[in-house]
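J.: Can you read through this structure? Questions will come right after.
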Amino acid sequence: MAKVPVDVEKVARCRALAADIARDVQSTIDAHTTIGVERTVARAYGVEGADAEGTPLANALVDKIHGAGKTGLGVGYFLGRALHAGASSVQEAAEQIAFGGDSVEVGANDDATSYRQALAKHTDAALVRIDRARTEREGLRSSLTVGAEPLKYVIVATGNIYDDATQAKAAAYAGSDIVAVIRATAQSLLDYVPEGPTTEGFGGTFATQENFKIIRSALDEISKKLGRYVQQTNYSSGLCMSEIAWMAAVERLDMLLNDAMYGILFRDINMERTFIDQYFSRRIIARSGIVINTGEDNYLTTADAVERAHTVLASQFINEAFADRAGLVPEQMGLGHAYEIDPWIEDSFLFEVAQAQLIRQIFDRHPIKWMPPTKFKTGDIFHSHVHDAMFNLAGVLTNQSIELLGMFSEAIHTPLLMDRYLSLKSARYIFGAARHLGDEFEWKPDGRVANRAKAIVDEALELLTDVQRDSIWTSIAAGVFADVKRTRTGGKGHAGVVRRDALYMNPILDVLEGRAKEAAR
Amino acid sequence: MAKVPVDVEKVARCRALAADIARDVQSTIDAHTTIGVERTVARAYGVEGADAEGTPLANALVDKIHGAGKTGLGVGYFLGRALHAGASSVQEAAEQIAFGGDSVEVGANDDATSYRQALAKHTDAALVRIDRARTEREGLRSSLTVGAEPLKYVIVATGNIYDDATQAKAAAYAGSDIVAVIRATAQSLLDYVPEGPTTEGFGGTFATQENFKIIRSALDEISKKLGRYVQQTNYSSGLCMSEIAWMAAVERLDMLLNDAMYGILFRDINMERTFIDQYFSRRIIARSGIVINTGEDNYLTTADAVERAHTVLASQFINEAFADRAGLVPEQMGLGHAYEIDPWIEDSFLFEVAQAQLIRQIFDRHPIKWMPPTKFKTGDIFHSHVHDAMFNLAGVLTNQSIELLGMFSEAIHTPLLMDRYLSLKSARYIFGAARHLGDEFEWKPDGRVANRAKAIVDEALELLTDVQRDSIWTSIAAGVFADVKRTRTGGKGHAGVVRRDALYMNPILDVLEGRAKEAAR
Amino acid sequence: MSSDFLRAYGDREGDGMVQLSFTLAILPGDRAREAAKRFAEAHGLKNPLVVTMEQASLEHTYFVVYGRSVHGVDVSQIHVEELGAQSLTRDEIEQAGKKLGRKIVVVGACTGSDAHTVGIDAILNYKGFRGEKGLESYKAFDAHNLGAQVENVELAQRARALGADAILVSQIITQRDCHKENARALHDLLVQQGWRDRVLLLLGGPRIDNKLARSLGFDAGFGPGTVPLEVAAYILEEVIKREAVRQPVMR
Amino acid sequence: MSSDFLRAYGDREGDGMVQLSFTLAILPGDRAREAAKRFAEAHGLKNPLVVTMEQASLEHTYFVVYGRSVHGVDVSQIHVEELGAQSLTRDEIEQAGKKLGRKIVVVGACTGSDAHTVGIDAILNYKGFRGEKGLESYKAFDAHNLGAQVENVELAQRARALGADAILVSQIITQRDCHKENARALHDLLVQQGWRDRVLLLLGGPRIDNKLARSLGFDAGFGPGTVPLEVAAYILEEVIKREAVRQPVMR
Ligand code: B12
Ligand code: B12
Ligand SMILES: Cc1ncc(COP(=O)(O)O)c(C=O)c1O
Ligand SMILES: Cc1ncc(COP(=O)(O)O)c(C=O)c1O
């Protein structure tokens with residue numbers, strides 16, 4: 001691989017600073033829970049279904065508890081209590097609490113230990129469910145071939161899950177390795193996950209458990225037909241970050257868009273809420289073997305890609321540190337970045353390559369996820385296709401792991417079937433025609449590419465030093481990332497953040513954190 | 001520039017062999033003339049116009065002489081005789097000979113020396129006309145800016161010269177540096193140059209002197225408007241190779257497609273005819289300062305571009321040797337080659353780059369002309385556009401001088417205005433975005449690119465050794481170039497080849513060859 | 001046919017050449033080629049040439065067709081409502097603003113569930129767009145950018161509270177025309193609240209043009225590539241015009 | 001509307017989405033956008049979106065439009081004359097050739113002023129195409145490739161002299177339909193010479209299909225991507241069929 005010079009000592013300092021930054025946040029995470037986390041726990045225990053208006057039982061249950069100001073005990077506390085009190089199942093327990101008039105007050109003679117015991121076999125079952133899905137995924141994968149890197153990742157986004165399934169199969173036929181179903185525009189601000197299959201969405205399709213199943217089964221079908229395993233991905237992001245992580249885990253998704261800070265910056269979701277939710281979501285993800293894709297690419301849509309390139313790298317160190325704290329191994333960390341420099345700038349291709357190569361080298365075990373040009377795309381679909389071609393070339397040259405393929409209609413609509421077909425064809429051509437280009441040379445140690453790479457590390461180190469000094473809370477408030485400013489208590493969903501009670505009960509988290517023994521299987 | 005290793009000693013041997021090959025042919029050239037050469041001489045002396053059926057006077061004149069078996073004396077002989085006998089002008093002399101019943105027999109008391117004297121001022125005038133055009137071109141060029149290399153060369157080919165002019169201006173507006181008007185399908189087999197402006201042609205527009213003027217004036221107009229000099233090119237090729245060279249010289253064209261062997265291989269024009277015609281055409285071109293573009297690119301449309309890459313290089317050495325013999329300086333030798341490897345072959349881009357870089361280095365003073373992919377183009381215009389993008393990238397990476405831009409509709413039709421606009425836009429983007437890519441590294445001395453370059457030199461050397469041993473006549477008969485076989489006396493136009501008489505008179509050639517004194521000016 | 005009657009231009013005046021591409025749920029073959037040809041003919045393409053026919057899924061084929069369109073447009077019949085504003089310089093705007101004697105209050109947002117702030121930021125924020133600073137940077141304006149994901153009700157309320165002269169709405173997401181619905185709903189809300197006439201309504205986004213904006217009840221529409229200066233000039237002129245007509249402006 | 005009625009497929013069944021691009025002799029602006037929109041509408045595109053409008057010359061603008069086409073095709077109404085030949089293997093052909101007891105004589109050329117030999121070479125020459133050898137390589141055939149730039153008269157004469165079972169014509173250049181004229185002229189010549197019925201006439205090239213070839217008086221047409229085997233199989237079957245009908249073949 002054509003390498004750029006990387007100062008390993010500076011990289012080590014960046015990592016240490018990022019670890020510090022994450023450690024500071026962890027104290028807040030460990031002291032809190034959120035209604036999203038609790039709904040996830042409920043679902044993991046088997047709470048399912050929704051009422052006639054579409055309100056999921058998990059929401060009704062947690063809202064009841066939250067309304068009574070008892071979220072700090074954890075939904076596990078109440079489910080355990082109901083089970084201990086004789087409920088025949090978790091579902092029955094949940095219904096009793098949500099609708100049946102079960103008290104959500106803490107009684108004087110409450111017995112947390114018994115409640116935990118009542119939950120034990122359900123805790124085991126919850127974990128078994130995740131593990132089984134993982135085993136099943138790994139089995140299927142190893143029975144089929146998998147594509148070569150860069151993996152060709154495409155999106156489908158019709159709004160209608162059945163059309164999505166058609167298009168997902170078409171994408172697989174046309175050579176994609178990974179299919180993402182883009183979410184509907186408004187979903188990340190919904191504080192619940194819709195139920196069942198959905199057929200109406202703007203700019204994408206709702207992420208629901210049933211929709212996950214439909215796509216996975218379509219992809220299983222075509223994977224077997226083609227003899228090539230096609231991966232599925234969706235978004236663990238927004239106000240239901242951890243719930244979706246759990247759904248993805250049990251429905252055998254392969255990847256998830258999941259970022260420690262994206263919701264804060266791009267959806268104006270509360271900072272504390274996001275940090276707490278991302279932690280629990282990642283604990284589940286770590287267990288399930290899913291690969292995350294972080295969202296640093298987005299920074300370059302609001303901030304300038306030449307001037308703010310280092311913010312991407314700095315944020316990747318932070319995302320890595322958070323992921324590490326949640327138990328992910330580097331092989332699960334698909335750190336994100338993007339090809340977003342103004343294409344009309346002289347040597348823009350060199351700058352893109354510099355960053356791509358730098359990130360490839362710094363995060364060498366990580367399945368780096370690379371995003372195509374979007375911001376400078378116009379309606380000139382012909383030219384747009386060429387712009388993507390250069391992105392594809394840079395991808396194979398710098399050996400990116402996951403290449404989200406650009407679409408020539410990027411500035412117009414979510415992709416038509418034809419757009420995606422052509423995008424895949426183009427990537428196939430370029431990945432082949434320039435397959436070993438990166439093996440053919442080293443970048444000159446003092447050239448434009450190398451110097452650009454060095455400058456990015458220097459600036460990232462500087463930025464991380466500042467953030468470590470000021471804390472992430474203050475830094476985000478100052479707008480260091482994506483040119484967006486957010487405050488610690490501002491944004492959506494802050495009301496769903498609750499300090500954990502001393503009796504807080506979350507046996508699933510206990511296992512995921514390795515604090516509780518796992519059931520033998 | 002990212003260099004490949006080149007064995008200079010082998011290159012020197014290739015050059016020496018090519019010089020030998022050309023020297024062998026030169027003896028035939030020096031001993032012969034053709035009706036094409038003689039018509040050119042007639043035109044240079046001022047013979048112009050055509051009859052009602054469109055037969056040019058130059059043809060009527062030379063046909064008359066040829067019919068009498070006297071071409072070996074040269075048209076100059078007869079024109080000089082008529083002038084000596086009192087004709088008031090060359091035109092009158094020509095008319096007398098062609099239609100007026102002047103004898104074309106050689107009389108016992110013919111006086112060649114006097115005839116030559118009678119021609120003297122006309123010879124001077126002929127050369128002055130070429131030189132003036134050159135001065136005018138150079139003046140205009142230096143009063144305007146010129147584009148950066150790779151120069152963006154595009155074709156127009158509507159069949160109608162007035163539409164061509166519209167499109168030529170559009171091309172200039174959209175950023176082209178060079179505009180070629182493609183010739184009508186059948187023209188190269190016509191043994192005359194049509195007269196006047198033309199509006200009907202298949203696959204292109206006829207090359208006529210008037211058409212040259214129309215385009216040059218359109219380009220002058222837009223060049224001045226844009227402040228950027230836009231070059232014009234056409235084809236000095238086919239049965240009227242040298243006539244067209246002369247027309248281009250006096251009409252201020254900047255470049256000409258002109259190849260020592262193209263006509264033989266691709267138009268089945270007789271070998272001797274072609275070698276003789278190319279020599280005289282190049283003598284004119286040398287004088288006029290026009291840059292030639294050779295046609296080795298075509299080899300890869302009939303032969304495989306991976307297996308027969310070395311034939312391109314070998315032929316370039318031969319074309320160089322022929323051009324050198326005709327007095328061209330390297331700066332006028334736009335040796336041609338092409339991006340024609342099956343794009344679906346793994347590492348095809350690397351192979352293309354290897355050859356492009358190799359040729360760039362071997363012919364370092366030459367304005368290398370690079371042709372885009374054509375053979376593997378399909379009607380998928382979107383994909384075709386990407387294929388051209390990779391060609392453009394390779395062009396800027398290897399610093400080609402003249403880049404004929406590919407068109408996404410290559411497999412469909414001669415370019416529409418829109419196709420050309422988009423092609424130029426794409427080249428502008430890529431030439432900018434990767435402007436200094438070639439400065440950023442050296443190719444690994446033992447990599448795929450370097451090894452490919454080495455192999456091509458080795459094979460070219462081997463081929464040239466064989467050709468030198470067997471002579472070019474025998475080698476072409478054996479199909480060494482383009483997988484096409486032709487015989488020495490086969491093909492079109494052989495009847496127009498004539499052994500020079502001892503009295504052969506061509507004062508213009510004498511000056512061009514430096515054997516006669518030039519008039520003082 | 002007047003000379004204002006335009007046909008498509010391929011490489012010769014009036015040749016009518018156009019390129020059409022599409023996907024049909026049929027597999028490649030002679031039937032499919034014929035189907036594509038007929039499909040193109042139905043659009044008015046004469047002698048269409050099916051130049052690409054490639055299988056794009058287990059059920060679909062992608063086609064590229066070239067043909068000579070029989071259609072044309074009579075441009076003499078086109079009467080577009082061009083934006084009224086003259087092109088003013090920044091200085092002229094600031095001068096006129098001074099004369100006005102008060103700051104013009106503008107309130108902008110990207111509404112509904114649309115989270116694309118880049119466009120509205122480009123117009124309003126100091127940073128601006130293409131090297132040109134936004135309305136925040138003008139002394140003549142008092143610019144409030146509410147950001148993205150702002151509901152119509154909230155926008156109306158904030159604008160009223162701030163005494164807005166102009167409301168600037170950005171709509172980027174256009175799937176199934178949600179931008180039109182969203183924009184029209186704001187207009188209707190203001191009408192219902194009874195103050196539509198007292199405020200300038202501007203709509204912008206990559207799929208917006210003046211004609212569309214006006215059809216949705218807005219005063220003006222701004223498309224891709226809009227620079228802050230154009231918007232500043234337009235608002236200023238309109239405000240001055242209205243000020244002249246009806247004094248004083250309620251606030 | 002039967003289920004055979006196809007509409008364009010964008011990203012949902014029946015959405016009708018197509019992409020149209022073209023150039024108009026007008027400069028960019030609101031009028032031009034409207035002109036492009038109307039032009040697209042004239043083709044049956046509903047709510048067309050002009051997504052690109054870029055000046056391409058001092059007088060022309062290039063447009064890309066997306067829109068939902070109201071048109072469709074009823075594929076149940078398409079009856080294409082599919083090529084008769086079954087797919088045979090090389091071995092089967094050689095077997096059948098042996099049974100025939102003589103070599104099938106084929107004479108091919110690229111005619112008129114067309115100099116594109118690659119296509120006809122691909123079919124006839126030993127070297128072949130896409131790894132498949134050409135008719136020269138078959139024992140069942142006696143193949144003569146006359147190359148390019150062959151006039152119809154010469155081709156007819158050579159074919160007759162060689163006792164051709166089949167004449168293979170390649171036509172690559174298609175500007176202003178010269179391929180059609182050229183091909184039809186050969187057919188007419190053979191009719192005039194009175195032996196059209198005694199020879200198989202095949203036409204091939206990137207813009208040829210079976211339907212077109214038949215409309216020009218040929219027996220079959222072969223388009224882009226044709227491999228020698230298909231051609232061999234077709235000729236063999238036809239020759240056997242004809243041999244059966246009318247014995248002996250004049251030679
Ligand atoms: C950047 C971007 C994002 C960023 C937004 C960051 C941010 N804070 O703004 C992120 C990554 C977060 C994002 C997310 C999504 N996006 Co987005 N995004 C884009 C992208 C790449 C560029 C938009 C942009 O910034 N353009 C640059 C600005 C300067 O141009 P502009 O908006 O046109 O603004 C100019 C003019 O229009 C005008 N203007 C605009 N508004 C106004 C207002 C007024 C009053 C005036 C006077 C002028 C004016 O002036 C501006 C300057 O000239 C486009 C694709 C593209 N190339 O256009 C997709 C695109 C807009 N996104 C799209 C989608 C679908 C989404 C998602 C829904 C995808 C998903 N499901 O995850 C999400 C959800 C976001 C949401 N809820 O809205 C689609 C929309 C499809 C459609 N037509 O409906 C697009 C077209 C991409 C695609 N092909 O799918 N996106
Ligand atoms: C190679 C080539 C050349 C070479 C030809 C070398 C040679 N000896 O053949 C050279 C460089 C000499 C050349 C010159 C010209 N060319 Co040219 N050329 C091409 C090119 C790039 C590829 C053609 C090709 O070889 N295809 C590969 C073969 C295998 O495919 P094929 O021909 O389709 O054949 C297959 C099938 O069609 C079928 N088939 C074909 N014939 C037959 C016959 C039978 C009986 C059967 C059964 C099957 C069959 O089987 C084959 C195998 O599958 C095309 C562009 C393109 N990508 O298509 C332009 C192209 C054909 N050329 C074109 C033109 C205009 C010219 C020139 C006139 C330009 C000029 N003025 O200088 C000249 C003049 C040549 C002339 N008089 O004909 C145009 C034609 C435009 C049009 N539609 O009319 C094209 C489309 C390029 C363009 N966009 O302008 N060309
Ligand atoms: C990490 C991450 N999450 C989510 C999304 C999708 O947007 P949203 O979830 O806000 O709809 C993105 C954007 O591409 C992203 O990068
Ligand atoms: C040297 C040369 N001459 C001429 C031509 C044009 O073809 P023709 O003159 O045979 O029509 C070409 C082809 O591109 C060429 O390379």
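Just remember, in the structure tokens the first chain shown is A, the second B, etc., residues are 1-based per chain, and ligands are 1-based in the order shown.
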For chain C, report every residue with an atom at most 8 Å from chain A (counting only C-alpha atoms), formatted as an MDAnalysis selection string.

T.: chainID C and resid 22:23 56:58 62 113:115 118 173 175:176 178

J.: From a backbone DSSP assignment, name each residue in stretch 48-210 of chain B labelled alpha helix (DSSP H), as number ranges by chain.

T.: B: 57-67, 75-84, 90-99, 112-143, 161-173, 209-210

J.: Taking only C-alpha atoms and all ligand atoms into account, list the residues no farther than 10 Å from ligand 4, as number ranges by chain.

T.: B: 182-189, 203-204, 206-207, 234-241, 256-269, 292-299, 335-337, 371; D: 113-115

J.: Under the rule that only C-alpha atoms are counted, which of A:Ala450, A:Ala248, A:Val193, A:Ile65 is the nearest residue to chain B?

T.: A:Ala450

J.: Please return, as a ChimeraX atom specification, all residues of chain D lying within 8 Å of chain C when only C-alpha atoms are considered.

T.: /D:6-10,17-25,30-31,34-35,38-39,42-44,49,71-75,78-80,82,207

J.: Calculate how many Å separate atom CA of A:Val396 from atom CA of A:Ile368, rounding to one decimal.

T.: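 About the pair atom CA of A:Val396 and atom CA of A:Ile368: they are 12.3 Å apart.
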
J.: Out of stretch 3-251 of chain C, which residues get strand (DSSP E or B) from DSSP, as JSON, numbers by chain?

T.: {"C": [5, 6, 7, 17, 18, 19, 20, 21, 22, 23, 24, 45, 46, 47, 48, 49, 50, 51, 52, 53, 54, 55, 61, 62, 63, 64, 65, 66, 67, 68, 69, 72, 73, 74, 104, 105, 106, 107, 108, 109, 110, 111, 129, 132, 141, 142, 143, 144, 145, 150, 166, 167, 168, 169, 170, 200, 201, 202, 203, 204, 220, 221, 222]}

J.: Report the closest atom pair, with its distance in Å rounded to one decimal, for each residue of chain B that has an atom no farther than 8 Å from chain A; count only C-alpha atoms, sort by chain and then rising residue number, and write it as a tab-separated table.

T.:
residue	atom	partner	partner_atom	distance
B:Pro343	CA	A:Ala433	CA	6.4
B:Trp344	CA	A:Tyr429	CA	6.1
B:Ile345	CA	A:Ala433	CA	6.4
B:Glu346	CA	A:Gly432	CA	4.9
B:Asp347	CA	A:Ala433	CA	4.3
B:Ser348	CA	A:Ala433	CA	4.7
B:Phe349	CA	A:Ala433	CA	4.9
B:Leu350	CA	A:Ala434	CA	6.4
B:Phe382	CA	A:Phe382	CA	6.5
B:His383	CA	A:Ser426	CA	6.3
B:His385	CA	A:Val386	CA	6.9
B:Val386	CA	A:Val386	CA	5.4
B:Ala389	CA	A:Val386	CA	6.3
B:Leu422	CA	A:His383	CA	7.0
B:Lys425	CA	A:His383	CA	7.6
B:Ser426	CA	A:His383	CA	6.4
B:Tyr429	CA	A:Trp344	CA	6.2
B:Gly432	CA	A:Glu346	CA	4.9
B:Ala433	CA	A:Asp347	CA	4.3
B:Ala434	CA	A:Asp347	CA	5.0
B:Arg435	CA	A:Asp347	CA	5.6
B:His436	CA	A:Asp347	CA	6.5
B:Leu437	CA	A:Leu350	CA	6.6
B:Asp439	CA	A:Gly447	CA	7.8
B:Glu440	CA	A:Lys444	CA	5.6
B:Phe441	CA	A:Trp443	CA	5.1
B:Glu442	CA	A:Phe441	CA	6.3
B:Trp443	CA	A:Phe441	CA	5.1
B:Lys444	CA	A:Phe441	CA	5.2
B:Gly447	CA	A:Glu440	CA	5.5
B:Arg448	CA	A:Glu440	CA	6.9
B:Val449	CA	A:Glu440	CA	7.1

J.: Take the residues just selected and output them with C-alpha atoms as a compact mmCIF listing (two decimals), in the first residue's frame.

T.:
# COMPACT_ATOMS: atom_id res chain seq x y z
CA PRO B 343 -11.33 -2.10 -19.17
CA TRP B 344 -12.57 -5.18 -17.38
CA ILE B 345 -9.11 -6.71 -17.17
CA GLU B 346 -7.67 -6.51 -13.68
CA ASP B 347 -5.14 -3.69 -13.39
CA SER B 348 -5.95 -2.45 -16.87
CA PHE B 349 -5.43 1.08 -15.60
CA LEU B 350 -1.91 0.21 -14.49
CA PHE B 382 -22.94 6.75 -18.24
CA HIS B 383 -20.34 4.07 -17.94
CA HIS B 385 -18.14 8.66 -19.30
CA VAL B 386 -16.37 7.00 -16.38
CA ALA B 389 -12.50 9.80 -16.81
CA LEU B 422 -19.65 17.17 -20.87
CA LYS B 425 -16.16 19.55 -18.31
CA SER B 426 -14.97 16.19 -17.07
CA TYR B 429 -12.26 18.61 -13.48
CA GLY B 432 -7.36 20.11 -12.08
CA ALA B 433 -8.17 17.70 -9.28
CA ALA B 434 -5.15 15.54 -10.05
CA ARG B 435 -2.93 18.26 -11.49
CA HIS B 436 0.20 17.34 -9.55
CA LEU B 437 -0.44 13.69 -8.90
CA ASP B 439 4.85 14.75 -8.93
CA GLU B 440 3.97 12.85 -5.82
CA PHE B 441 5.75 9.55 -6.33
CA GLU B 442 7.99 7.34 -8.45
CA TRP B 443 6.83 3.97 -9.70
CA LYS B 444 8.41 1.09 -7.83
CA GLY B 447 6.28 -3.18 -9.73
CA ARG B 448 3.63 -4.11 -12.25
CA VAL B 449 3.84 -0.75 -13.94

J.: Just want the 7 Å neighbourhood of A:Tyr504, counted on only C-alpha atoms, with same-chain residues fewer than 5 positions away dropped. Output as a PyMOL selection string.

T.: chain A and resi 72-74

J.: Name the closest residue to B:Ile508 among the candidates B:Ala82, B:Ile284, B:Val47, B:Val146; distances are taken between atoms, counting only C-alpha atoms.

T.: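 Of all the options, B:Ile284 lies closest to B:Ile508.
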
J.: Which is closer to ligand 1 than all the others in C:Ala159, C:Ala164, C:Leu229, C:Leu27, using only C-alpha atoms and all ligand atoms?

T.: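 When distances to ligand 1 are compared using only C-alpha atoms and all ligand atoms, the smallest one comes from C:Leu229.
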
J.: Excluding same-chain residues fewer than 5 positions from A:Gly80, what lies within 7 Å of it counting only C-alpha atoms, as a PyMOL selection string?

T.: chain A and resi 115-116+118-119

J.: Could you list, as a PDB file with N, CA and C atoms, in the first residue's frame, every residue within 9 Å of A:Asp466, counting only C-alpha atoms and ignoring same-chain residues fewer than 5 positions away?

T.:
ATOM      1  N   LEU A 461      -4.251  16.671  16.807  1.00  0.00           N
ATOM      2  CA  LEU A 461      -3.629  16.580  18.125  1.00  0.00           C
ATOM      3  C   LEU A 461      -3.899  17.861  18.923  1.00  0.00           C
ATOM      4  N   SER A 471     -13.099  19.679  28.230  1.00  0.00           N
ATOM      5  CA  SER A 471     -14.139  18.645  28.268  1.00  0.00           C
ATOM      6  C   SER A 471     -14.942  18.698  26.983  1.00  0.00           C
ATOM      7  N   SER A 475     -16.577  21.808  24.674  1.00  0.00           N
ATOM      8  CA  SER A 475     -16.069  21.906  23.305  1.00  0.00           C
ATOM      9  C   SER A 475     -17.198  21.872  22.288  1.00  0.00           C
TER      10      SER A 475
END

J.: What gap, in Å, lies between atom CA of A:Gly334 and atom CA of A:Arg360?

T.: 10.9 Å

J.: If we count only C-alpha atoms, what is near C:Thr89 at a cut-off of 10 Å, once residues fewer than 5 positions away on the same chain are taken out, given as a PDB file with all heavy atoms, in the first residue's frame?

T.:
ATOM      1  N   GLU C  94     -26.746  48.848   2.002  1.00  0.00           N
ATOM      2  CA  GLU C  94     -26.512  49.463   3.304  1.00  0.00           C
ATOM      3  C   GLU C  94     -26.968  50.937   3.306  1.00  0.00           C
ATOM      4  O   GLU C  94     -27.560  51.426   4.285  1.00  0.00           O
ATOM      5  CB  GLU C  94     -25.025  49.371   3.688  1.00  0.00           C
ATOM      6  CG  GLU C  94     -24.519  47.943   3.903  1.00  0.00           C
ATOM      7  CD  GLU C  94     -25.070  47.227   5.130  1.00  0.00           C
ATOM      8  OE1 GLU C  94     -26.278  47.388   5.410  1.00  0.00           O
ATOM      9  OE2 GLU C  94     -24.309  46.511   5.801  1.00  0.00           O
ATOM     10  N   GLN C  95     -26.722  51.625   2.222  1.00  0.00           N
ATOM     11  CA  GLN C  95     -27.176  53.010   2.083  1.00  0.00           C
ATOM     12  C   GLN C  95     -28.688  53.111   2.232  1.00  0.00           C
ATOM     13  O   GLN C  95     -29.212  53.888   3.044  1.00  0.00           O
ATOM     14  CB  GLN C  95     -26.805  53.552   0.682  1.00  0.00           C
ATOM     15  CG  GLN C  95     -25.322  53.812   0.482  1.00  0.00           C
ATOM     16  CD  GLN C  95     -24.780  54.831   1.455  1.00  0.00           C
ATOM     17  OE1 GLN C  95     -25.486  55.748   1.860  1.00  0.00           O
ATOM     18  NE2 GLN C  95     -23.525  54.651   1.859  1.00  0.00           N
ATOM     19  N   LEU C 229     -26.661  38.228  -1.378  1.00  0.00           N
ATOM     20  CA  LEU C 229     -26.889  39.553  -1.927  1.00  0.00           C
ATOM     21  C   LEU C 229     -28.226  39.660  -2.667  1.00  0.00           C
ATOM     22  O   LEU C 229     -28.972  40.637  -2.503  1.00  0.00           O
ATOM     23  CB  LEU C 229     -25.740  39.910  -2.883  1.00  0.00           C
ATOM     24  CG  LEU C 229     -25.709  41.343  -3.406  1.00  0.00           C
ATOM     25  CD1 LEU C 229     -25.513  42.334  -2.277  1.00  0.00           C
ATOM     26  CD2 LEU C 229     -24.579  41.516  -4.424  1.00  0.00           C
ATOM     27  N   GLU C 230     -28.522  38.649  -3.478  1.00  0.00           N
ATOM     28  CA  GLU C 230     -29.791  38.668  -4.221  1.00  0.00           C
ATOM     29  C   GLU C 230     -30.972  38.748  -3.259  1.00  0.00           C
ATOM     30  O   GLU C 230     -31.956  39.447  -3.510  1.00  0.00           O
ATOM     31  CB  GLU C 230     -30.006  37.364  -5.005  1.00  0.00           C
ATOM     32  CG  GLU C 230     -28.978  37.033  -6.043  1.00  0.00           C
ATOM     33  CD  GLU C 230     -29.169  35.597  -6.553  1.00  0.00           C
ATOM     34  OE1 GLU C 230     -30.318  35.210  -6.878  1.00  0.00           O
ATOM     35  OE2 GLU C 230     -28.171  34.852  -6.611  1.00  0.00           O
ATOM     36  N   ALA C 232     -30.915  39.773  -0.124  1.00  0.00           N
ATOM     37  CA  ALA C 232     -30.895  41.058   0.574  1.00  0.00           C
ATOM     38  C   ALA C 232     -31.534  42.131  -0.298  1.00  0.00           C
ATOM     39  O   ALA C 232     -32.390  42.911   0.158  1.00  0.00           O
ATOM     40  CB  ALA C 232     -29.455  41.440   0.922  1.00  0.00           C
ATOM     41  N   ALA C 233     -31.150  42.159  -1.559  1.00  0.00           N
ATOM     42  CA  ALA C 233     -31.670  43.180  -2.474  1.00  0.00           C
ATOM     43  C   ALA C 233     -33.183  43.048  -2.615  1.00  0.00           C
ATOM     44  O   ALA C 233     -33.927  44.032  -2.559  1.00  0.00           O
ATOM     45  CB  ALA C 233     -30.988  43.051  -3.834  1.00  0.00           C
TER      46      ALA C 233
END
